[in-house]
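Participant: Just structure-v6.tsv, nothing more (TSV, C-alpha atoms):
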```tsv
chain	number	residue	atom	x	y	z
A	1	MET	CA	11.80	-11.88	7.94
A	2	ALA	CA	12.44	-14.83	10.27
A	3	SER	CA	9.85	-15.70	12.92
A	4	GLY	CA	12.48	-15.19	15.61
A	5	GLN	CA	13.01	-11.64	14.40
A	6	LEU	CA	9.25	-11.00	14.45
A	7	GLU	CA	9.03	-12.34	17.99
A	8	GLY	CA	11.99	-10.15	19.02
A	9	ASP	CA	10.40	-7.04	17.48
A	10	ALA	CA	7.08	-7.83	19.18
A	11	PHE	CA	8.84	-8.19	22.52
A	12	VAL	CA	10.64	-4.87	22.08
A	13	LYS	CA	7.35	-3.14	21.17
A	14	ALA	CA	5.52	-4.75	24.10
A	15	SER	CA	8.30	-3.71	26.48
A	16	ARG	CA	8.16	-0.15	25.16
A	17	ASP	CA	4.36	-0.04	25.50
A	18	TYR	CA	4.58	-1.39	29.05
A	19	ALA	CA	7.19	1.21	30.01
A	20	GLU	CA	4.88	3.98	28.72
A	21	LEU	CA	1.71	2.62	30.35
A	22	GLU	CA	3.14	1.64	33.75
A	23	PRO	CA	3.46	5.20	35.17
A	24	VAL	CA	-0.03	6.08	33.85
A	25	ALA	CA	-1.51	3.01	35.53
A	26	LYS	CA	0.29	3.88	38.77
A	27	ILE	CA	-1.11	7.43	38.87
A	28	ALA	CA	-4.60	6.16	37.95
A	29	ALA	CA	-4.42	3.64	40.82
A	30	GLU	CA	-3.41	6.42	43.25
A	31	VAL	CA	-6.36	8.60	42.17
A	32	LYS	CA	-8.79	5.66	42.44
A	33	SER	CA	-7.44	4.71	45.87
A	34	ALA	CA	-7.74	8.31	47.17
A	35	ARG	CA	-11.33	8.63	45.96
A	36	GLU	CA	-12.30	5.29	47.53
A	37	GLU	CA	-10.61	6.23	50.80
A	38	ILE	CA	-12.49	9.55	50.92
A	39	ALA	CA	-15.80	7.71	50.38
A	40	SER	CA	-14.90	5.24	53.14
A	41	LEU	CA	-13.95	8.00	55.57
A	42	GLU	CA	-17.13	9.97	54.81
A	43	ALA	CA	-19.11	6.92	55.92
A	44	MET	CA	-17.37	7.20	59.31
A	45	LEU	CA	-18.44	10.81	59.92
A	46	GLY	CA	-21.59	9.62	61.68
A	47	ASP	CA	-19.50	7.94	64.38
A	48	PRO	CA	-18.73	10.54	67.10
A	49	GLU	CA	-15.56	8.70	68.13
A	50	MET	CA	-14.19	8.55	64.56
A	51	LYS	CA	-15.47	11.88	63.25
A	52	ALA	CA	-12.46	14.06	64.14
A	53	MET	CA	-9.95	11.58	62.73
A	54	ALA	CA	-12.04	11.04	59.57
A	55	GLU	CA	-12.39	14.80	58.96
A	56	GLU	CA	-8.63	15.27	59.29
A	57	GLU	CA	-7.88	12.44	56.87
A	58	ILE	CA	-10.51	13.64	54.39
A	59	ALA	CA	-9.05	17.16	54.41
A	60	SER	CA	-5.58	15.78	53.76
A	61	LEU	CA	-6.77	13.55	50.91
A	62	ARG	CA	-8.84	16.32	49.30
A	63	LYS	CA	-5.78	18.57	49.38
A	64	ARG	CA	-3.67	15.99	47.52
A	65	LEU	CA	-6.33	14.69	45.13
A	66	PRO	CA	-6.50	17.64	42.66
A	67	GLU	CA	-2.75	17.47	42.01
A	68	ALA	CA	-2.95	13.70	41.48
A	69	GLU	CA	-5.89	14.19	39.10
A	70	ARG	CA	-3.92	16.82	37.19
A	71	GLU	CA	-0.93	14.46	36.94
A	72	LEU	CA	-3.27	11.79	35.57
A	73	ALA	CA	-4.76	14.21	33.03
A	74	ILE	CA	-1.25	15.13	31.84
A	75	ALA	CA	-0.25	11.46	31.67
A	76	LEU	CA	-3.32	10.75	29.51
A	77	LEU	CA	-2.59	13.56	27.04
A	78	PRO	CA	-1.94	12.33	23.49
A	79	ARG	CA	1.79	11.79	23.10
A	80	ASP	CA	3.95	12.70	20.17
A	81	SER	CA	4.81	9.31	18.68
A	82	ALA	CA	8.43	10.46	18.35
A	83	ASP	CA	8.90	11.46	22.01
A	84	ALA	CA	10.68	8.25	22.97
A	85	LYS	CA	13.04	8.33	19.99
A	86	PRO	CA	16.69	9.38	19.94
A	87	ALA	CA	17.38	12.65	18.14
A	88	MET	CA	19.59	14.21	15.51
A	89	LEU	CA	20.94	17.53	16.79
A	90	GLU	CA	22.02	20.06	14.14
A	91	ILE	CA	23.65	23.37	15.08
A	92	ARG	CA	24.72	25.95	12.48
A	93	ALA	CA	26.41	29.32	12.89
A	94	GLY	CA	24.11	32.10	11.72
A	95	THR	CA	24.58	35.86	11.49
A	96	GLY	CA	27.63	37.24	13.27
A	97	GLY	CA	30.64	35.74	11.51
A	98	ASP	CA	33.35	34.30	13.77
A	99	GLU	CA	31.38	35.11	16.92
A	100	ALA	CA	28.42	33.07	15.60
A	101	ALA	CA	30.71	30.07	15.07
A	102	LEU	CA	32.07	30.40	18.61
A	103	PHE	CA	28.50	30.57	19.93
A	104	ALA	CA	27.56	27.46	17.94
A	105	GLY	CA	30.43	25.71	19.73
A	106	ASP	CA	29.13	26.96	23.09
A	107	LEU	CA	25.66	25.58	22.32
A	108	TYR	CA	27.06	22.20	21.28
A	109	ARG	CA	29.02	21.90	24.54
A	110	MET	CA	25.92	23.00	26.49
A	111	TYR	CA	23.90	20.16	25.00
A	112	GLU	CA	26.78	17.70	25.48
A	113	ARG	CA	26.92	18.46	29.20
A	114	PHE	CA	23.14	18.41	29.58
A	115	ALA	CA	23.06	15.04	27.82
A	116	ALA	CA	25.74	13.68	30.16
A	117	GLU	CA	23.58	14.72	33.14
A	118	GLN	CA	20.65	12.81	31.63
A	119	GLY	CA	22.75	9.71	31.06
A	120	TRP	CA	22.50	10.12	27.28
A	121	LYS	CA	25.20	9.47	24.69
A	122	VAL	CA	26.23	12.13	22.16
A	123	GLU	CA	28.01	10.92	19.03
A	124	PRO	CA	29.21	13.48	16.46
A	125	VAL	CA	28.05	12.68	12.94
A	126	SER	CA	29.54	15.61	11.05
A	127	MET	CA	31.58	18.65	12.10
A	128	SER	CA	32.71	21.68	10.14
A	129	ALA	CA	35.10	23.59	12.41
A	130	SER	CA	35.68	27.31	12.20
A	131	GLU	CA	39.22	28.67	11.86
A	132	VAL	CA	38.77	30.74	15.03
A	133	GLY	CA	37.22	27.92	17.06
A	134	GLY	CA	33.66	26.73	17.39
A	135	PHE	CA	31.73	25.35	14.45
A	136	LYS	CA	30.27	26.50	11.18
A	137	GLU	CA	28.08	23.42	11.47
A	138	VAL	CA	27.89	20.37	13.72
A	139	VAL	CA	25.53	17.40	13.55
A	140	ALA	CA	25.34	14.83	16.34
A	141	ASN	CA	23.26	11.80	17.25
A	142	VAL	CA	21.83	11.85	20.79
A	143	THR	CA	20.63	8.53	22.21
A	144	GLY	CA	19.03	7.67	25.53
A	145	THR	CA	15.66	7.64	27.28
A	146	GLY	CA	13.17	10.32	26.21
A	147	VAL	CA	15.70	12.34	24.20
A	148	PHE	CA	13.36	13.89	21.64
A	149	ALA	CA	10.68	14.61	24.26
A	150	LYS	CA	13.12	16.83	26.17
A	151	LEU	CA	15.05	18.41	23.30
A	152	LYS	CA	12.31	19.05	20.73
A	153	PHE	CA	11.58	22.58	21.99
A	154	GLU	CA	15.22	23.59	21.40
A	155	SER	CA	14.70	23.99	17.64
A	156	GLY	CA	14.92	27.58	16.45
A	157	VAL	CA	17.23	30.59	16.43
A	158	HIS	CA	19.36	31.10	19.54
A	159	ARG	CA	20.71	34.64	19.88
A	160	VAL	CA	23.73	35.73	21.90
A	161	GLN	CA	24.66	39.22	23.10
A	162	ARG	CA	28.21	39.61	24.40
A	163	VAL	CA	31.54	41.39	23.93
A	164	PRO	CA	33.75	39.28	21.62
A	165	GLU	CA	37.32	38.63	22.78
A	166	THR	CA	38.54	40.44	19.66
A	167	GLU	CA	36.53	43.59	20.45
A	168	SER	CA	38.91	46.17	21.91
A	169	GLY	CA	36.23	48.81	22.41
A	170	GLY	CA	34.08	46.69	24.67
A	171	ARG	CA	31.08	46.90	22.36
A	172	ILE	CA	28.36	44.27	22.69
A	173	HIS	CA	27.81	42.24	19.52
A	174	THR	CA	24.70	40.26	18.64
A	175	SER	CA	25.06	37.01	16.73
A	176	ALA	CA	23.03	33.86	16.31
A	177	ALA	CA	23.06	30.14	15.68
A	178	THR	CA	20.27	27.86	14.52
A	179	VAL	CA	19.38	24.62	16.24
A	180	ALA	CA	17.32	21.82	14.73
A	181	VAL	CA	16.30	18.73	16.71
A	182	LEU	CA	14.93	15.91	14.57
A	183	PRO	CA	13.61	12.58	15.87
A	184	GLU	CA	15.73	9.72	14.58
A	185	PRO	CA	13.51	7.10	12.96
A	186	ASP	CA	13.68	3.35	13.27
A	187	ALA	CA	14.63	1.50	10.09
A	188	VAL	CA	10.97	0.64	9.45
A	189	ASP	CA	9.84	4.28	9.76
A	190	VAL	CA	11.52	5.43	6.55
A	191	GLN	CA	11.93	3.36	3.43
A	192	ILE	CA	14.50	4.78	1.00
A	193	ASP	CA	14.77	3.47	-2.54
A	194	PRO	CA	18.47	3.30	-3.50
A	195	GLY	CA	17.41	4.38	-6.98
A	196	ASP	CA	16.26	7.71	-5.54
A	197	LEU	CA	19.77	8.55	-4.34
A	198	LYS	CA	22.59	10.41	-6.07
A	199	ILE	CA	25.83	9.76	-4.19
A	200	ASP	CA	28.96	11.84	-4.81
A	201	THR	CA	32.39	11.46	-3.26
A	202	TYR	CA	34.92	14.23	-2.90
A	203	ARG	CA	38.06	15.13	-0.97
A	204	ALA	CA	37.38	16.34	2.58
A	205	SER	CA	38.93	19.59	3.77
A	206	GLY	CA	39.52	20.81	7.30
A	207	ALA	CA	39.57	24.25	8.85
A	208	GLY	CA	42.56	26.29	7.74
A	209	GLY	CA	43.78	23.46	5.56
A	210	GLN	CA	44.39	21.22	8.55
A	211	HIS	CA	43.71	17.48	8.63
A	212	VAL	CA	42.92	17.36	4.94
A	213	ASN	CA	42.18	13.88	3.67
A	214	THR	CA	44.21	12.67	0.72
A	215	THR	CA	41.44	10.33	-0.43
A	216	ASP	CA	37.92	10.99	-1.65
A	217	SER	CA	36.27	9.95	1.61
A	218	ALA	CA	33.71	12.76	1.95
A	219	ILE	CA	30.15	11.88	0.93
A	220	ARG	CA	27.32	13.95	-0.51
A	221	ILE	CA	23.94	12.21	-0.82
A	222	THR	CA	21.04	13.81	-2.69
A	223	HIS	CA	17.55	12.37	-2.27
A	224	LEU	CA	16.22	13.17	-5.73
A	225	PRO	CA	12.42	13.10	-5.07
A	226	THR	CA	12.70	15.71	-2.28
A	227	ASP	CA	15.98	17.38	-3.33
A	228	THR	CA	17.28	16.83	0.22
A	229	VAL	CA	21.08	17.05	0.35
A	230	VAL	CA	23.23	15.62	3.14
A	231	THR	CA	27.03	15.73	3.38
A	232	CYS	CA	29.46	14.05	5.74
A	233	GLN	CA	33.24	14.39	5.78
A	234	ASP	CA	33.96	13.88	9.46
A	235	GLY	CA	35.52	10.44	9.23
A	236	ARG	CA	38.42	9.23	7.14
A	237	SER	CA	36.44	6.19	6.02
A	238	GLN	CA	34.16	6.63	3.01
A	239	HIS	CA	32.00	3.76	4.31
A	240	LYS	CA	31.56	5.40	7.74
A	241	ASN	CA	30.78	8.77	6.17
A	242	ARG	CA	28.16	7.17	3.92
A	243	GLU	CA	26.59	5.42	6.91
A	244	LYS	CA	26.43	8.67	8.91
A	245	ALA	CA	25.06	10.65	5.96
A	246	MET	CA	22.28	8.07	5.50
A	247	GLN	CA	21.50	8.39	9.23
A	248	VAL	CA	21.00	12.14	8.85
A	249	LEU	CA	19.03	11.72	5.61
A	250	ARG	CA	16.60	9.28	7.25
A	251	ALA	CA	16.01	11.75	10.10
A	252	ARG	CA	15.29	14.63	7.70
A	253	LEU	CA	12.96	12.55	5.53
A	254	TYR	CA	11.16	11.26	8.62
A	255	GLU	CA	10.56	14.83	9.81
A	256	GLN	CA	9.20	15.73	6.37
A	257	GLN	CA	6.84	12.75	6.55
A	258	ARG	CA	5.67	13.77	10.02
A	259	ASP	CA	4.91	17.31	8.88
A	260	ALA	CA	3.05	16.01	5.82
A	261	THR	CA	0.96	13.36	7.59
A	262	GLN	CA	0.19	14.95	10.97
A	263	GLY	CA	-1.76	17.84	9.46
A	264	ALA	CA	-3.93	19.28	12.23
A	265	GLU	CA	-1.63	17.85	14.88
A	266	ALA	CA	1.33	19.69	13.36
A	267	GLU	CA	-0.69	22.93	13.33
A	268	ALA	CA	-1.65	22.34	16.97
A	269	ARG	CA	2.05	21.91	17.85
A	270	LYS	CA	2.82	25.28	16.27
A	271	ALA	CA	0.18	26.92	18.46
A	272	MET	CA	1.80	25.57	21.62
A	273	VAL	CA	5.29	26.41	22.85
A	274	GLY	CA	6.78	26.77	19.39
A	275	SER	CA	6.68	25.50	15.88
A	276	GLY	CA	10.15	23.95	15.96
A	277	ASP	CA	10.92	26.08	12.93
A	278	ARG	CA	14.62	26.90	12.95
A	279	SER	CA	13.83	30.39	11.55
A	280	GLU	CA	11.91	31.33	14.71
A	281	ARG	CA	13.94	33.26	17.31
A	282	ILE	CA	13.34	31.40	20.54
A	283	ARG	CA	15.98	32.44	23.07
A	284	THR	CA	18.48	35.17	23.91
A	285	TYR	CA	21.65	34.65	25.95
A	286	ASN	CA	22.72	38.04	27.34
A	287	PHE	CA	26.23	37.72	28.80
A	288	PRO	CA	26.68	41.27	30.20
A	289	GLN	CA	23.52	40.88	32.30
A	290	GLY	CA	24.01	37.17	32.98
A	291	ARG	CA	20.49	36.29	31.86
A	292	VAL	CA	18.76	33.94	29.47
A	293	THR	CA	15.30	34.73	28.10
A	294	ASP	CA	13.04	32.25	26.36
A	295	HIS	CA	10.78	34.44	24.24
A	296	ARG	CA	8.08	31.80	23.68
A	297	ILE	CA	7.04	31.60	27.32
A	298	GLY	CA	8.39	34.95	28.51
A	299	LEU	CA	10.74	33.31	31.02
A	300	THR	CA	13.95	35.05	32.07
A	301	LEU	CA	16.48	33.31	34.29
A	302	HIS	CA	19.51	35.13	35.69
A	303	LYS	CA	21.50	31.91	35.52
A	304	LEU	CA	23.40	32.24	32.26
A	305	PRO	CA	26.65	30.60	33.49
A	306	GLU	CA	24.76	27.53	34.74
A	307	ILE	CA	22.60	27.28	31.61
A	308	ILE	CA	25.45	27.66	29.11
A	309	ALA	CA	27.37	25.08	31.16
A	310	GLY	CA	24.48	22.65	30.65
A	311	THR	CA	23.76	22.14	34.35
A	312	GLY	CA	21.01	24.77	34.41
A	313	LEU	CA	19.42	23.95	31.07
A	314	GLY	CA	17.02	21.46	32.64
A	315	GLU	CA	15.10	24.24	34.40
A	316	LEU	CA	14.36	25.92	31.05
A	317	ILE	CA	13.41	22.65	29.39
A	318	GLU	CA	11.08	21.64	32.23
A	319	ALA	CA	9.38	25.05	32.04
A	320	LEU	CA	8.81	24.60	28.30
A	321	ILE	CA	7.39	21.11	28.80
A	322	ALA	CA	5.09	22.35	31.58
A	323	GLU	CA	3.83	25.21	29.40
A	324	ASP	CA	3.14	22.82	26.54
A	325	GLU	CA	1.24	20.44	28.84
A	326	ALA	CA	-0.80	23.29	30.35
A	327	LYS	CA	-1.84	24.57	26.92
A	328	ARG	CA	-2.79	21.11	25.71
A	329	LEU	CA	-4.85	20.52	28.86
A	330	ALA	CA	-6.61	23.84	28.27
A	331	VAL	CA	-7.42	22.83	24.67
A	332	LEU	CA	-8.88	19.49	25.83
A	333	SER	CA	-11.02	21.15	28.52
A	334	GLU	CA	-12.60	23.67	26.10
```
Go ahead and express the file in the form of structure tokens.
Facilitator:
Amino acid sequence: MASGQLEGDAFVKASRDYAELEPVAKIAAEVKSAREEIASLEAMLGDPEMKAMAEEEIASLRKRLPEAERELAIALLPRDSADAKPAMLEIRAGTGGDEAALFAGDLYRMYERFAAEQGWKVEPVSMSASEVGGFKEVVANVTGTGVFAKLKFESGVHRVQRVPETESGGRIHTSAATVAVLPEPDAVDVQIDPGDLKIDTYRASGAGGQHVNTTDSAIRITHLPTDTVVTCQDGRSQHKNREKAMQVLRARLYEQQRDATQGAEAEARKAMVGSGDRSERIRTYNFPQGRVTDHRIGLTLHKLPEIIAGTGLGELIEALIAEDEAKRLAVLSE
């Protein structure tokens, strides 16, 4: 690798480290300044003329200091090394047939709108549309600042309760979709030996026979050592499909590496807000009652329209992050 490239990589890493440390240093400086100011004011209590003013200032500082100290403690908590990374978002229709596919489409649009609010970019990698609308499966790359940190608690089974448009009797149906959020690794995070790959090409097919490619542009990549299979048929270019499939494969292998190497840390994550296991039911969207319940933290919000529209999702995500931080603080203080 050229020295210029090394210098460029070092600069990028230093910039990233600075961006992470700057807010911590700022909070630490505020805490230090408050403590020093309290000590200075306490020295003035012996002066009759200054006593009343000093007592008022001390009371105000002591009221603010605990919150600042808590913010500093949270800022100093060990961070998931993947928090700053972009993410691969995978949504699959689960039990419930056509209604599950429609719900998978609703979830995808919810995350698209939430991402737009955050200033993130969502790029579809692979889509398998359902004949009735929605998706059997959709995979997308989400890039921006702090993507994985905010989306990582979305992994799991999302359940919906509502009356399908095709239901003439007005009966409520329950269906589900699974969501997986994987951190997308840098090129250096995952090394893949081309000899470990089995690559097949085949003819892509669309929903209901629509938009069927007449060339073998769809790609199926099998990583032989782990038996991980990735397919992509979204684009009409075999080269683009191969590139996107490799992107998804790297993310899945990186997640496998994280689970294998983090050990105790991975177990600690499971004890917090959730394991991230897509088989774990995490949330219910009840349309008749207009409510969304996150089962991991026992939070129910009667804001279903806003949440499913993406604009209200942030409140749920912030609550999950706060719960995770509180539990990790409690573990450190034991």
Participant: Please, what distance in Å, to one decimal, runs between CA of Tyr108 in chain A and CA of Ala322 in chain A?
Facilitator: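 Pair CA of Tyr108 in chain A / CA of Ala322 in chain A returns 24.3 Å.
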Participant: Write out as a list in words each polymer residue whose atoms come within 12 Å of Ala39 in chain A, counting only C-alpha atoms; drop sequence neighbours fewer than 6 positions from it.
Facilitator: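 Non-adjacent residues within range: Lys32, Ser33, Leu45, Ala54, Glu55, Glu57, Ile58, Leu61 and Arg62 of chain A.
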Participant: Separation of CA of Val142 in chain A and CA of Glu22 in chain A, in Å?
Facilitator: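 Spanning CA of Val142 in chain A to CA of Glu22 in chain A is a straight-line distance of 24.9 Å.
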Participant: What is the distance, in Å and to one decimal place, between CA of Thr143 in chain A and CA of Val122 in chain A?
Facilitator: 6.7 Å
Participant: When you look at Ile321 in chain A with a cut-off of 10 Å (counting only C-alpha atoms), what residues show up, excluding the ones that are within fewer than 5 positions of it in the same chain? I need them as a PyMOL selection string.
Facilitator: chain A and resi 149-153+273+316+326
Participant: Go ahead and dump the residues you just picked, C-alpha atoms, as a tab-separated table (two decimals), in the coordinates of the input.
Facilitator:
```tsv
chain	number	residue	atom	x	y	z
A	149	ALA	CA	10.68	14.61	24.26
A	150	LYS	CA	13.12	16.83	26.17
A	151	LEU	CA	15.05	18.41	23.30
A	152	LYS	CA	12.31	19.05	20.73
A	153	PHE	CA	11.58	22.58	21.99
A	273	VAL	CA	5.29	26.41	22.85
A	316	LEU	CA	14.36	25.92	31.05
A	326	ALA	CA	-0.80	23.29	30.35
```
Participant: Could you tell me, as a tab-separated table (two decimals) with C-alpha atoms, keeping the file's coordinate frame, which residues have any atom at most 12 Å from (-4.2, 6.6, 42.0), counting only C-alpha atoms?
Facilitator:
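Output below, filename point.tsv:
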```tsv
chain	number	residue	atom	x	y	z
A	23	PRO	CA	3.46	5.20	35.17
A	24	VAL	CA	-0.03	6.08	33.85
A	25	ALA	CA	-1.51	3.01	35.53
A	26	LYS	CA	0.29	3.88	38.77
A	27	ILE	CA	-1.11	7.43	38.87
A	28	ALA	CA	-4.60	6.16	37.95
A	29	ALA	CA	-4.42	3.64	40.82
A	30	GLU	CA	-3.41	6.42	43.25
A	31	VAL	CA	-6.36	8.60	42.17
A	32	LYS	CA	-8.79	5.66	42.44
A	33	SER	CA	-7.44	4.71	45.87
A	34	ALA	CA	-7.74	8.31	47.17
A	35	ARG	CA	-11.33	8.63	45.96
A	36	GLU	CA	-12.30	5.29	47.53
A	37	GLU	CA	-10.61	6.23	50.80
A	61	LEU	CA	-6.77	13.55	50.91
A	64	ARG	CA	-3.67	15.99	47.52
A	65	LEU	CA	-6.33	14.69	45.13
A	66	PRO	CA	-6.50	17.64	42.66
A	67	GLU	CA	-2.75	17.47	42.01
A	68	ALA	CA	-2.95	13.70	41.48
A	69	GLU	CA	-5.89	14.19	39.10
A	70	ARG	CA	-3.92	16.82	37.19
A	71	GLU	CA	-0.93	14.46	36.94
A	72	LEU	CA	-3.27	11.79	35.57
A	73	ALA	CA	-4.76	14.21	33.03
```
Participant: As a list of chain:residue names, please: the residues near Leu301 in chain A (cut-off 7 Å, all atoms listed in the file, same-chain neighbours under 6 positions excluded).
Facilitator: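 Returned residues: A:Arg291, A:Val292, A:Thr293.
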Participant: Residues within 9 Å of range 168-182 of chain A, please, as number ranges by chain. Count only C-alpha atoms; anything in the same chain fewer than 6 positions from it doesn't count.
Facilitator: A: 86-97, 99-101, 103-104, 107, 148, 151-162, 251-252, 254-255, 276-279, 281, 284, 288
Participant: Using only C-alpha atoms, determine which residues lie at most 12 Å from Glu56 in chain A, disregarding the query and same-chain residues fewer than 4 positions distant; provide the list as a VMD selection string.
Facilitator: chain A and resid 38 41 to 42 44 to 45 50 to 52 60 to 63
Participant: Between A:Leu320, A:Ile307, A:Ile221, A:Val132, which has the minimum distance to Phe287 in chain A (counting all atoms listed in the file)?
Facilitator: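 Closest to Phe287 in chain A, using all atoms listed in the file: A:Ile307.
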Participant: Got a minute to add N, CA and C atoms to range 172-192 of chain A and dump it as a PDB file, in the frame of the given file?
Facilitator:
```
ATOM      1  N   ILE A 172      29.126  45.517  22.688  1.00  0.00           N
ATOM      2  CA  ILE A 172      28.360  44.270  22.690  1.00  0.00           C
ATOM      3  C   ILE A 172      27.946  43.937  21.259  1.00  0.00           C
ATOM      4  N   HIS A 173      28.211  42.713  20.841  1.00  0.00           N
ATOM      5  CA  HIS A 173      27.810  42.240  19.520  1.00  0.00           C
ATOM      6  C   HIS A 173      26.657  41.254  19.667  1.00  0.00           C
ATOM      7  N   THR A 174      25.791  41.233  18.685  1.00  0.00           N
ATOM      8  CA  THR A 174      24.700  40.260  18.640  1.00  0.00           C
ATOM      9  C   THR A 174      24.944  39.299  17.479  1.00  0.00           C
ATOM     10  N   SER A 175      24.923  38.022  17.774  1.00  0.00           N
ATOM     11  CA  SER A 175      25.060  37.010  16.730  1.00  0.00           C
ATOM     12  C   SER A 175      24.099  35.870  17.031  1.00  0.00           C
ATOM     13  N   ALA A 176      24.039  34.913  16.143  1.00  0.00           N
ATOM     14  CA  ALA A 176      23.030  33.860  16.310  1.00  0.00           C
ATOM     15  C   ALA A 176      23.503  32.530  15.753  1.00  0.00           C
ATOM     16  N   ALA A 177      22.849  31.483  16.213  1.00  0.00           N
ATOM     17  CA  ALA A 177      23.060  30.140  15.680  1.00  0.00           C
ATOM     18  C   ALA A 177      21.704  29.455  15.614  1.00  0.00           C
ATOM     19  N   THR A 178      21.531  28.593  14.645  1.00  0.00           N
ATOM     20  CA  THR A 178      20.270  27.860  14.520  1.00  0.00           C
ATOM     21  C   THR A 178      20.437  26.448  15.052  1.00  0.00           C
ATOM     22  N   VAL A 179      19.400  25.976  15.704  1.00  0.00           N
ATOM     23  CA  VAL A 179      19.380  24.620  16.240  1.00  0.00           C
ATOM     24  C   VAL A 179      18.185  23.883  15.640  1.00  0.00           C
ATOM     25  N   ALA A 180      18.413  22.674  15.193  1.00  0.00           N
ATOM     26  CA  ALA A 180      17.320  21.820  14.730  1.00  0.00           C
ATOM     27  C   ALA A 180      17.439  20.483  15.454  1.00  0.00           C
ATOM     28  N   VAL A 181      16.347  20.036  16.032  1.00  0.00           N
ATOM     29  CA  VAL A 181      16.300  18.730  16.710  1.00  0.00           C
ATOM     30  C   VAL A 181      15.296  17.866  15.968  1.00  0.00           C
ATOM     31  N   LEU A 182      15.786  16.797  15.361  1.00  0.00           N
ATOM     32  CA  LEU A 182      14.930  15.910  14.570  1.00  0.00           C
ATOM     33  C   LEU A 182      14.873  14.536  15.226  1.00  0.00           C
ATOM     34  N   PRO A 183      13.675  13.937  15.327  1.00  0.00           N
ATOM     35  CA  PRO A 183      13.610  12.580  15.870  1.00  0.00           C
ATOM     36  C   PRO A 183      14.287  11.615  14.909  1.00  0.00           C
ATOM     37  N   GLU A 184      15.057  10.696  15.455  1.00  0.00           N
ATOM     38  CA  GLU A 184      15.730   9.720  14.580  1.00  0.00           C
ATOM     39  C   GLU A 184      14.834   8.506  14.407  1.00  0.00           C
ATOM     40  N   PRO A 185      14.460   8.180  13.189  1.00  0.00           N
ATOM     41  CA  PRO A 185      13.510   7.100  12.960  1.00  0.00           C
ATOM     42  C   PRO A 185      14.122   5.719  13.095  1.00  0.00           C
ATOM     43  N   ASP A 186      13.262   4.738  13.371  1.00  0.00           N
ATOM     44  CA  ASP A 186      13.680   3.350  13.270  1.00  0.00           C
ATOM     45  C   ASP A 186      13.781   3.002  11.787  1.00  0.00           C
ATOM     46  N   ALA A 187      14.438   1.899  11.489  1.00  0.00           N
ATOM     47  CA  ALA A 187      14.630   1.500  10.090  1.00  0.00           C
ATOM     48  C   ALA A 187      13.299   1.341   9.365  1.00  0.00           C
ATOM     49  N   VAL A 188      12.260   0.889  10.093  1.00  0.00           N
ATOM     50  CA  VAL A 188      10.970   0.640   9.450  1.00  0.00           C
ATOM     51  C   VAL A 188      10.181   1.938   9.221  1.00  0.00           C
ATOM     52  N   ASP A 189      10.587   3.025   9.867  1.00  0.00           N
ATOM     53  CA  ASP A 189       9.840   4.280   9.760  1.00  0.00           C
ATOM     54  C   ASP A 189      10.036   4.956   8.403  1.00  0.00           C
ATOM     55  N   VAL A 190      11.198   4.770   7.820  1.00  0.00           N
ATOM     56  CA  VAL A 190      11.520   5.430   6.550  1.00  0.00           C
ATOM     57  C   VAL A 190      12.111   4.418   5.580  1.00  0.00           C
ATOM     58  N   GLN A 191      11.429   4.245   4.472  1.00  0.00           N
ATOM     59  CA  GLN A 191      11.930   3.360   3.430  1.00  0.00           C
ATOM     60  C   GLN A 191      12.539   4.218   2.320  1.00  0.00           C
ATOM     61  N   ILE A 192      13.810   3.997   2.030  1.00  0.00           N
ATOM     62  CA  ILE A 192      14.500   4.780   1.000  1.00  0.00           C
ATOM     63  C   ILE A 192      14.889   3.858  -0.153  1.00  0.00           C
TER      64      ILE A 192
END
```
